[in-house]
Each structure stands twice: as C-alpha cells, then as structure tokens.
Amino acid sequence: KPPAAPGEWAQLGLRLPPETGDRDLYRRDLRAGAGEGHVWEVELRSSTLGEPITLALSAGGALSDGLRVRLIDRELGCAVDVRGADGAFREYRMLSYGPNRPYHLTLVAGSEVFTSHPPGAELSIPGRLTMDQAVPNPARSPIRIRFGLPHAQPVTLEIFDVSGQRVTTLLERSPQTSGYHALLWDGSGPGGAAAPSGIYFCRLVSGEGVLTRRIVRLD
C-alpha cells in the first residue's frame, strides 16, 4: 500500500463488482467491455468533509465520434453527459463526504442506447418540480443546489440578495433533461467577486412553476 499522503489529499479509484468480493480500489481496469459499452464504479474520498472536488476526464487515445460518456452521481441521483457533441470532455464538481465515507459515482461509456439505460444504474424521475435545501447551509464553502424535473424543459436558476438584487445567474433558460440535477455555487457575485456574508435566495424557474430556497453565507 502507498504511504499516507502528506497534508490535504483526495483519492479516487475504481471498485470491482460486489460479486467479486474484492474491496480494494484500482486505478486501471483491464476487463473487456460487455455488449455495447463499459460501466465503471468509482469511489472518491478526501481529507476534508465538504471539500469541493472537480473531476476532469481525458481520453488516453482516439475515441469514436459516436461514443457517449455519462457520469452518474449515485449520491444525488443525477446523470451528466461529460462528453459533448464536439467530443470535448466537461468537468463535474461535487462536495466530498470526507475521509470516512466514500462518494459513489458510476462512469458509463458506449452507444446512446447503452448509456441512457446502463445495467444497474436506473435513475428516478420526480413526479413534480422539486428543489432541495442548499447544502451546506449556512456555509463558508461552495454550496450544492439540487433540483428535479418531471419533464425535459429549459430552466433558470438565480441567486438574489435580501434586497431583491440579482447576485448571479447559474442557469439561464438552459435545456435540462427530466430527472435530478445538481450544481455548485461558489459564492461569487458580479465580476467574480465573493458575495459578502448574509442571507440569499436561490430561485428556480421552469415551465412547471417557481421554487425558492433560503441560503446563508458566512465569511
């Protein structure tokens, strides 16, 4: 086993299927894909609870134009297409559960049919528009905002201060699929400057209605 990392650290590895009985993490998977695609179970930990982690993917070689890559966030029940139509990879941000509890993700690659319905990775769809309370709240660190849509539709997600002034727009008429979605607000306002401590309101607007949640930021 490698020695403990000095100072702050983050660890990510691949987990074999439970039926193998192997509880170790691996950094490389040499198994052949099954059918029309590949599925990898991923675990992430870090030295600090609530630490924002950015996952950036890259290809070790040339990929076919039709290859779709999705990242399924098991903790939040949402999925993101991390490879765009132009073939470029997008980053994914999350909040770590710290050193004692792994954050579970599933990476899926293959055809559109396979990645839309990967084996053992079905996602639920809410029956109505929903938005969770922000986490953590109050917070000094980035805040996670999670919402759910019963149908595919464009949404707008904005942050306002107590005077009703818009602080930032996280999504503006952005097309979203049905199901759950999550993103992080790093606390920045106009021009990228950090918003001062205080009370803020997160407003979600869609064709299904409008939802608002209260956020408290600390210095």
# chains A, B, ... in the order shown; residues from 1 in each chain; ligands from 1
call {"tool": "residues_around", "arguments": {"residues": "segment 159-169 of chain A", "least_positions_apart": "2", "cutoff": "7 Å", "atoms": "only C-alpha atoms", "output": "list in words"}}
result
Leu157, Leu171, Glu172, Gly189, Pro190, Ile199, Tyr200, Phe201, Cys202 and Arg203 of chain A
call {"tool": "write_last_selection", "arguments": {"atoms": "C-alpha atoms", "output": "mmCIF file, in the first residue's frame"}}
result
data_model
loop_
_atom_site.group_PDB
_atom_site.id
_atom_site.type_symbol
_atom_site.label_atom_id
_atom_site.label_comp_id
_atom_site.auth_asym_id
_atom_site.auth_seq_id
_atom_site.Cartn_x
_atom_site.Cartn_y
_atom_site.Cartn_z
ATOM 1 C CA LEU A 157 -31.549 29.311 -11.648
ATOM 2 C CA LEU A 171 -28.560 28.748 -15.423
ATOM 3 C CA GLU A 172 -30.486 30.904 -17.894
ATOM 4 C CA GLY A 189 -21.240 37.576 -7.471
ATOM 5 C CA PRO A 190 -20.859 40.159 -10.248
ATOM 6 C CA ILE A 199 -28.952 35.880 3.592
ATOM 7 C CA TYR A 200 -29.583 35.000 -0.050
ATOM 8 C CA PHE A 201 -32.358 33.345 -2.011
ATOM 9 C CA CYS A 202 -31.987 30.727 -4.733
ATOM 10 C CA ARG A 203 -34.846 30.843 -7.268
#
call {"tool": "residues_around", "arguments": {"residues": "Val113 of chain A", "least_positions_apart": "4", "cutoff": "10 Å", "atoms": "only C-alpha atoms", "output": "ChimeraX atom specification"}}
result
/A:36-37,68,117-118
call {"tool": "residues_around", "arguments": {"residues": "segment 44-59 of chain A", "least_positions_apart": "4", "cutoff": "6 Å", "atoms": "only C-alpha atoms", "output": "ChimeraX atom specification"}}
result
/A:8-12,91-99,102-103
call {"tool": "closest_residue", "arguments": {"among": "A:Ser64, A:Thr156, A:Thr106, A:Thr130", "to": "Arg15 of chain A", "atoms": "only C-alpha atoms"}}
result
A:Thr106
call {"tool": "closest_residue", "arguments": {"among": "A:Arg83, A:His151, A:Arg146, A:Arg23", "to": "Gln133 of chain A", "atoms": "only C-alpha atoms"}}
result
A:Arg146
call {"tool": "select_by_dssp", "arguments": {"residues": "segment 86-176 of chain A", "states": "helix (DSSP H, G or I)", "output": "PyMOL selection string"}}
result
chain A and resi 112-116
call {"tool": "select_by_dssp", "arguments": {"residues": "segment 36-159 of chain A", "states": "strand (DSSP E)", "output": "JSON, numbers by chain"}}
result
{"A": [37, 38, 39, 40, 41, 42, 43, 44, 45, 46, 52, 53, 54, 55, 68, 69, 70, 71, 72, 73, 78, 79, 80, 81, 92, 93, 94, 95, 103, 104, 105, 106, 107, 108, 109, 110, 130, 131, 143, 144, 145, 146, 147, 148, 149, 153, 154, 155, 156, 157, 158, 159]}
call {"tool": "closest_atom_pairs", "arguments": {"of": "segment 172-206 of chain A", "to": "segment 72-76 of chain A", "cutoff": "12 Å", "atoms": "only C-alpha atoms", "output": "JSON lines"}}
result
{"residue": "A:Gly179", "atom": "CA", "partner": "A:Leu76", "partner_atom": "CA", "distance": 10.6}
{"residue": "A:Tyr180", "atom": "CA", "partner": "A:Leu76", "partner_atom": "CA", "distance": 7.5}
{"residue": "A:His181", "atom": "CA", "partner": "A:Leu76", "partner_atom": "CA", "distance": 7.9}
{"residue": "A:Ala182", "atom": "CA", "partner": "A:Leu76", "partner_atom": "CA", "distance": 7.5}
{"residue": "A:Leu183", "atom": "CA", "partner": "A:Leu76", "partner_atom": "CA", "distance": 10.6}
call {"tool": "residues_around", "arguments": {"residues": "Leu30 of chain A", "least_positions_apart": "6", "cutoff": "12 Å", "atoms": "only C-alpha atoms", "output": "list in words"}}
result
Leu14, Leu16, His38 and Trp40 of chain A
call {"tool": "closest_residue", "arguments": {"among": "A:Arg70, A:Arg140, A:Arg128, A:Arg31", "to": "Pro196 of chain A", "atoms": "only C-alpha atoms"}}
result
A:Arg140
call {"tool": "atom_distance", "arguments": {"atom1": "atom CA of Pro119 of chain A", "atom2": "atom CA of Asp24 of chain A"}}
result
22.3 Å
call {"tool": "decode", "arguments": {"residues": "segment 1-17 of chain A", "atoms": "all heavy atoms", "output": "PDB file, in the first residue's frame"}}
result
ATOM      1  N   LYS A   1       0.840  -1.195   0.000  1.00  0.00           N
ATOM      2  CA  LYS A   1       0.000   0.000   0.000  1.00  0.00           C
ATOM      3  C   LYS A   1       0.871   1.239   0.000  1.00  0.00           C
ATOM      4  O   LYS A   1       1.939   1.252   0.613  1.00  0.00           O
ATOM      5  CB  LYS A   1      -0.911   0.002   1.220  1.00  0.00           C
ATOM      6  CG  LYS A   1      -1.968  -1.093   1.221  1.00  0.00           C
ATOM      7  CD  LYS A   1      -2.882  -0.966   2.434  1.00  0.00           C
ATOM      8  CE  LYS A   1      -3.974  -2.020   2.398  1.00  0.00           C
ATOM      9  NZ  LYS A   1      -4.882  -1.901   3.557  1.00  0.00           N
ATOM     10  N   PRO A   2       0.437   2.306  -0.638  1.00  0.00           N
ATOM     11  CA  PRO A   2       1.241   3.538  -0.647  1.00  0.00           C
ATOM     12  C   PRO A   2       1.205   4.196   0.725  1.00  0.00           C
ATOM     13  O   PRO A   2       0.275   3.992   1.507  1.00  0.00           O
ATOM     14  CB  PRO A   2       0.541   4.394  -1.698  1.00  0.00           C
ATOM     15  CG  PRO A   2      -0.867   3.915  -1.673  1.00  0.00           C
ATOM     16  CD  PRO A   2      -0.792   2.436  -1.417  1.00  0.00           C
ATOM     17  N   PRO A   3       2.211   4.988   1.029  1.00  0.00           N
ATOM     18  CA  PRO A   3       2.206   5.704   2.315  1.00  0.00           C
ATOM     19  C   PRO A   3       1.111   6.756   2.334  1.00  0.00           C
ATOM     20  O   PRO A   3       0.593   7.165   1.297  1.00  0.00           O
ATOM     21  CB  PRO A   3       3.596   6.346   2.350  1.00  0.00           C
ATOM     22  CG  PRO A   3       3.980   6.498   0.918  1.00  0.00           C
ATOM     23  CD  PRO A   3       3.398   5.306   0.222  1.00  0.00           C
ATOM     24  N   ALA A   4       0.731   7.174   3.536  1.00  0.00           N
ATOM     25  CA  ALA A   4      -0.294   8.209   3.671  1.00  0.00           C
ATOM     26  C   ALA A   4       0.192   9.504   3.029  1.00  0.00           C
ATOM     27  O   ALA A   4       1.362   9.878   3.148  1.00  0.00           O
ATOM     28  CB  ALA A   4      -0.596   8.431   5.150  1.00  0.00           C
ATOM     29  N   ALA A   5      -0.707  10.190   2.346  1.00  0.00           N
ATOM     30  CA  ALA A   5      -0.346  11.438   1.680  1.00  0.00           C
ATOM     31  C   ALA A   5      -0.110  12.534   2.714  1.00  0.00           C
ATOM     32  O   ALA A   5      -0.853  12.636   3.695  1.00  0.00           O
ATOM     33  CB  ALA A   5      -1.448  11.855   0.727  1.00  0.00           C
ATOM     34  N   PRO A   6       0.921  13.364   2.543  1.00  0.00           N
ATOM     35  CA  PRO A   6       1.150  14.466   3.479  1.00  0.00           C
ATOM     36  C   PRO A   6       0.158  15.589   3.249  1.00  0.00           C
ATOM     37  O   PRO A   6      -0.140  15.944   2.105  1.00  0.00           O
ATOM     38  CB  PRO A   6       2.582  14.911   3.145  1.00  0.00           C
ATOM     39  CG  PRO A   6       2.741  14.558   1.702  1.00  0.00           C
ATOM     40  CD  PRO A   6       1.948  13.299   1.496  1.00  0.00           C
ATOM     41  N   GLY A   7      -0.402  16.151   4.310  1.00  0.00           N
ATOM     42  CA  GLY A   7      -1.299  17.292   4.177  1.00  0.00           C
ATOM     43  C   GLY A   7      -2.634  16.923   3.567  1.00  0.00           C
ATOM     44  O   GLY A   7      -3.140  15.810   3.731  1.00  0.00           O
ATOM     45  N   GLU A   8      -3.230  17.876   2.845  1.00  0.00           N
ATOM     46  CA  GLU A   8      -4.538  17.661   2.227  1.00  0.00           C
ATOM     47  C   GLU A   8      -4.415  16.656   1.082  1.00  0.00           C
ATOM     48  O   GLU A   8      -3.418  16.633   0.368  1.00  0.00           O
ATOM     49  CB  GLU A   8      -5.084  18.991   1.699  1.00  0.00           C
ATOM     50  CG  GLU A   8      -5.271  20.058   2.774  1.00  0.00           C
ATOM     51  CD  GLU A   8      -6.322  19.678   3.787  1.00  0.00           C
ATOM     52  OE1 GLU A   8      -7.356  19.094   3.383  1.00  0.00           O
ATOM     53  OE2 GLU A   8      -6.119  19.940   4.988  1.00  0.00           O
ATOM     54  N   TRP A   9      -5.449  15.842   0.895  1.00  0.00           N
ATOM     55  CA  TRP A   9      -5.393  14.830  -0.152  1.00  0.00           C
ATOM     56  C   TRP A   9      -6.789  14.524  -0.676  1.00  0.00           C
ATOM     57  O   TRP A   9      -7.807  14.808  -0.041  1.00  0.00           O
ATOM     58  CB  TRP A   9      -4.762  13.537   0.363  1.00  0.00           C
ATOM     59  CG  TRP A   9      -5.442  12.959   1.580  1.00  0.00           C
ATOM     60  CD1 TRP A   9      -5.124  13.204   2.885  1.00  0.00           C
ATOM     61  CD2 TRP A   9      -6.559  12.060   1.606  1.00  0.00           C
ATOM     62  NE1 TRP A   9      -5.978  12.517   3.718  1.00  0.00           N
ATOM     63  CE2 TRP A   9      -6.863  11.806   2.962  1.00  0.00           C
ATOM     64  CE3 TRP A   9      -7.335  11.454   0.619  1.00  0.00           C
ATOM     65  CZ2 TRP A   9      -7.910  10.968   3.350  1.00  0.00           C
ATOM     66  CZ3 TRP A   9      -8.384  10.615   1.005  1.00  0.00           C
ATOM     67  CH2 TRP A   9      -8.649  10.380   2.356  1.00  0.00           C
ATOM     68  N   ALA A  10      -6.831  13.960  -1.866  1.00  0.00           N
ATOM     69  CA  ALA A  10      -8.051  13.432  -2.470  1.00  0.00           C
ATOM     70  C   ALA A  10      -7.695  12.106  -3.129  1.00  0.00           C
ATOM     71  O   ALA A  10      -6.613  11.959  -3.702  1.00  0.00           O
ATOM     72  CB  ALA A  10      -8.633  14.399  -3.493  1.00  0.00           C
ATOM     73  N   GLN A  11      -8.594  11.131  -3.029  1.00  0.00           N
ATOM     74  CA  GLN A  11      -8.353   9.787  -3.556  1.00  0.00           C
ATOM     75  C   GLN A  11      -9.539   9.353  -4.409  1.00  0.00           C
ATOM     76  O   GLN A  11     -10.693   9.503  -4.008  1.00  0.00           O
ATOM     77  CB  GLN A  11      -8.170   8.791  -2.405  1.00  0.00           C
ATOM     78  CG  GLN A  11      -7.981   7.346  -2.845  1.00  0.00           C
ATOM     79  CD  GLN A  11      -8.183   6.368  -1.700  1.00  0.00           C
ATOM     80  OE1 GLN A  11      -9.234   6.342  -1.075  1.00  0.00           O
ATOM     81  NE2 GLN A  11      -7.162   5.593  -1.402  1.00  0.00           N
ATOM     82  N   LEU A  12      -9.235   8.824  -5.593  1.00  0.00           N
ATOM     83  CA  LEU A  12     -10.269   8.314  -6.470  1.00  0.00           C
ATOM     84  C   LEU A  12      -9.810   6.986  -7.038  1.00  0.00           C
ATOM     85  O   LEU A  12      -8.649   6.826  -7.424  1.00  0.00           O
ATOM     86  CB  LEU A  12     -10.557   9.309  -7.598  1.00  0.00           C
ATOM     87  CG  LEU A  12     -11.665   8.958  -8.576  1.00  0.00           C
ATOM     88  CD1 LEU A  12     -12.429  10.208  -8.990  1.00  0.00           C
ATOM     89  CD2 LEU A  12     -11.099   8.271  -9.819  1.00  0.00           C
ATOM     90  N   GLY A  13     -10.704   6.010  -7.071  1.00  0.00           N
ATOM     91  CA  GLY A  13     -10.331   4.702  -7.589  1.00  0.00           C
ATOM     92  C   GLY A  13     -11.527   3.954  -8.132  1.00  0.00           C
ATOM     93  O   GLY A  13     -12.684   4.329  -7.920  1.00  0.00           O
ATOM     94  N   LEU A  14     -11.262   2.876  -8.860  1.00  0.00           N
ATOM     95  CA  LEU A  14     -12.293   2.023  -9.445  1.00  0.00           C
ATOM     96  C   LEU A  14     -12.563   0.855  -8.518  1.00  0.00           C
ATOM     97  O   LEU A  14     -11.637   0.238  -7.987  1.00  0.00           O
ATOM     98  CB  LEU A  14     -11.835   1.507 -10.810  1.00  0.00           C
ATOM     99  CG  LEU A  14     -11.430   2.566 -11.842  1.00  0.00           C
ATOM    100  CD1 LEU A  14     -10.927   1.893 -13.112  1.00  0.00           C
ATOM    101  CD2 LEU A  14     -12.594   3.485 -12.157  1.00  0.00           C
ATOM    102  N   ARG A  15     -13.840   0.541  -8.336  1.00  0.00           N
ATOM    103  CA  ARG A  15     -14.254  -0.575  -7.492  1.00  0.00           C
ATOM    104  C   ARG A  15     -14.786  -1.703  -8.361  1.00  0.00           C
ATOM    105  O   ARG A  15     -15.604  -1.481  -9.264  1.00  0.00           O
ATOM    106  CB  ARG A  15     -15.338  -0.096  -6.520  1.00  0.00           C
ATOM    107  CG  ARG A  15     -15.939  -1.191  -5.662  1.00  0.00           C
ATOM    108  CD  ARG A  15     -15.027  -1.561  -4.530  1.00  0.00           C
ATOM    109  NE  ARG A  15     -14.961  -0.492  -3.540  1.00  0.00           N
ATOM    110  CZ  ARG A  15     -14.077  -0.470  -2.548  1.00  0.00           C
ATOM    111  NH1 ARG A  15     -13.173  -1.422  -2.460  1.00  0.00           N
ATOM    112  NH2 ARG A  15     -14.072   0.517  -1.675  1.00  0.00           N
ATOM    113  N   LEU A  16     -14.343  -2.935  -8.110  1.00  0.00           N
ATOM    114  CA  LEU A  16     -14.843  -4.087  -8.856  1.00  0.00           C
ATOM    115  C   LEU A  16     -16.265  -4.419  -8.408  1.00  0.00           C
ATOM    116  O   LEU A  16     -16.698  -4.010  -7.329  1.00  0.00           O
ATOM    117  CB  LEU A  16     -13.923  -5.286  -8.624  1.00  0.00           C
ATOM    118  CG  LEU A  16     -12.515  -5.191  -9.243  1.00  0.00           C
ATOM    119  CD1 LEU A  16     -11.724  -6.445  -8.933  1.00  0.00           C
ATOM    120  CD2 LEU A  16     -12.602  -4.974 -10.743  1.00  0.00           C
ATOM    121  N   PRO A  17     -17.027  -5.145  -9.222  1.00  0.00           N
ATOM    122  CA  PRO A  17     -18.397  -5.508  -8.849  1.00  0.00           C
ATOM    123  C   PRO A  17     -18.428  -6.246  -7.507  1.00  0.00           C
ATOM    124  O   PRO A  17     -17.485  -6.977  -7.163  1.00  0.00           O
ATOM    125  CB  PRO A  17     -18.843  -6.423  -9.989  1.00  0.00           C
ATOM    126  CG  PRO A  17     -18.004  -6.007 -11.155  1.00  0.00           C
ATOM    127  CD  PRO A  17     -16.680  -5.625 -10.574  1.00  0.00           C
TER     128      PRO A  17
END
